[in-house]
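Enquirer: Provided herewith is a single structure, encoded as structure tokens, for subsequent inquiry.
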Amino acid sequence: MKKQTMLNFKKLSLFVAASSVITTVFGQKTITTKDLQNGQNSISTAVPFLGISPDARAAALGDAGVAMPDDINAMHWNLAKTPFNTKNGAVAISYTPWLRNLVPDISLSYLTAYYKLDKRSAIAGSLRYFSLGQIQFTDNYGASTGNFTPNEFAIDLGYATKLNEKFSLGVAFRYIYSNLAGGFNQSQTPIDAGVSYAGDISAYYKDNTTFKDKANGKKYNVNYGFGAVISNIGSKLTYTSAQFENFIPINLRLGGYANVDIDEYNSVAFMLDLNKLMVPTNPYYLRNSKNTADSLDRNRKPIISEGVDPNVPVVQGMIQSFYDAPGGFSEEMSEINISTGLEYWYNKQFALRGGYFHEPLTKGNRQYATFGVGLRYNVFGLDVAYLWPFQQRHPLENTLRFTLTFDFDAFVDQKDEPTKKKTKVVEEDAPAE
């Protein structure tokens, strides 16, 4: 009887131990970061300022610009468009206030220029500077230890060429610098400036056709194009050590446009862009039974319950960005942002613009309408944009953005005009033979 009691006690002990293990395991599976995030799983990267629309024209078109024609700011949107620009060269400078409703000294400035080497090829460059305003450092007791102005910038150089009269390719190189803390030490770990090197690969197709309105027999000229670009293909960036490297915003953008010449003076164009970050999506991690921290495996790494490990090399991260969302195919589709824009030109001198940007709820929920105008007069041009958010507050709401352009061709023509007039007068006054 005693022996049987001992056996039953051992069985009971084993049963209790096994039940504890099973309860712990299955309990952990039901507690994940998904529960904490309520389905929100937006993608974050280092140096997000690279994704801000730098110019007012595209900003007024819902941030659609990959196929937009005659684009001085093609260095950002799609360098391959540059050889198709009607002007031989131009310069543009843009200014975008940031969080203007809260602080007065945060802004993005953008300077870009291009020059066509011949009828088939062009070069371009740009400087993007993001100032985050002045901040004050303090010690553990709240005493000031100095002031610093965090800043980030990127320098671009690129080349594009036509492969035929309808198709072109472009390649760009980028140096990225991000100094957010000026070497500030926290827990004996200095926060240094982050540096990365990246590049863009772009393609552009342009053609035209005509269609006839059967009602009035009038023919309309239609120009259309398609663009594709993978931007910011580059090394990860860190502010402390290699252990904390972050992806930069490697991005895939596809889009098209169509422009209809209504008559000699009026034209209307429609643009559509699809945009997706090519960086890993955050997985859902297993939480411990108390839901106070991530569960760790024997190597002290967090245990993934759904999704794929995001700590991978750059190329692998770009590839797995198309299948690693923990929510499967539906979540992958929700990572695509949609930009649409409508642009009206009168006599190629005055433009009215409107657009819409849509980001799904679980990926950030940025949804806003945009408006703007454009003016072209001789050498100079001016573009203005305004943003109206729908779902949530936006850093650019109640803010005007500006782009000033300078046309090389118009400047040369204007400079040579007095000489041409003088030559014409001499020819008219010369005696006939």
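FYI, nothing fancy with the structure tokens labels: chains A, B, ... in order, residues from 1 per chain, ligands from 1 as they appear.
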Near region 109-118 of chain A, counting only C-alpha atoms, which residues have an atom at most 8 Å away, once you skip same-chain residues fewer than 5 positions from it, shown as a list in words?
Expert: Pro54, Asp55, Ile72, Asn73, Met75, Thr82, Pro83, Asn88, Gly89, Ala90, Val91, Ala92, Ile93, Ser94, Tyr95, Thr96, Ile123, Ala124, Gly125, Ser126, Leu127, Arg128, Tyr129 and Phe130 of chain A
Enquirer: Tell me, as a list in words, which residues lie within 9 Å of Gln136 (chain A), counting only C-alpha atoms; anything in the same chain fewer than 3 positions away does not count.
Expert: Ser144, Thr145, Gly146, Asn147, Phe148 and Thr149 of chain A
Enquirer: Nearest residue to Tyr356 (chain A) out of A:Pro104, A:Ser196, A:Asp407, A:Asp273, using only C-alpha atoms?
Expert: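 Selected residue with least distance to Tyr356 (chain A): A:Asp273.
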Enquirer: If we count only C-alpha atoms, what is near Tyr344 (chain A) at a cut-off of 8 Å, once residues fewer than 3 positions away on the same chain are taken out, given as a list in words?
Expert: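 The filter keeps Asn266, Ser267, Val268, Ala269, Ala351, Leu352 and Arg353 of chain A.
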Enquirer: Check the DSSP output for the backbone and give back, as a list of chain:residue names, the residues of region 92-331 of chain A in helix (DSSP H, G or I).
Expert: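 Across region 92-331 of chain A, those assigned helix (DSSP H, G or I) are A:Ala242, A:Gln243, A:Phe244, A:Val314, A:Val315, A:Gln316, A:Gly317, A:Met318, A:Ile319, A:Gln320, A:Phe329, A:Ser330, A:Glu331.
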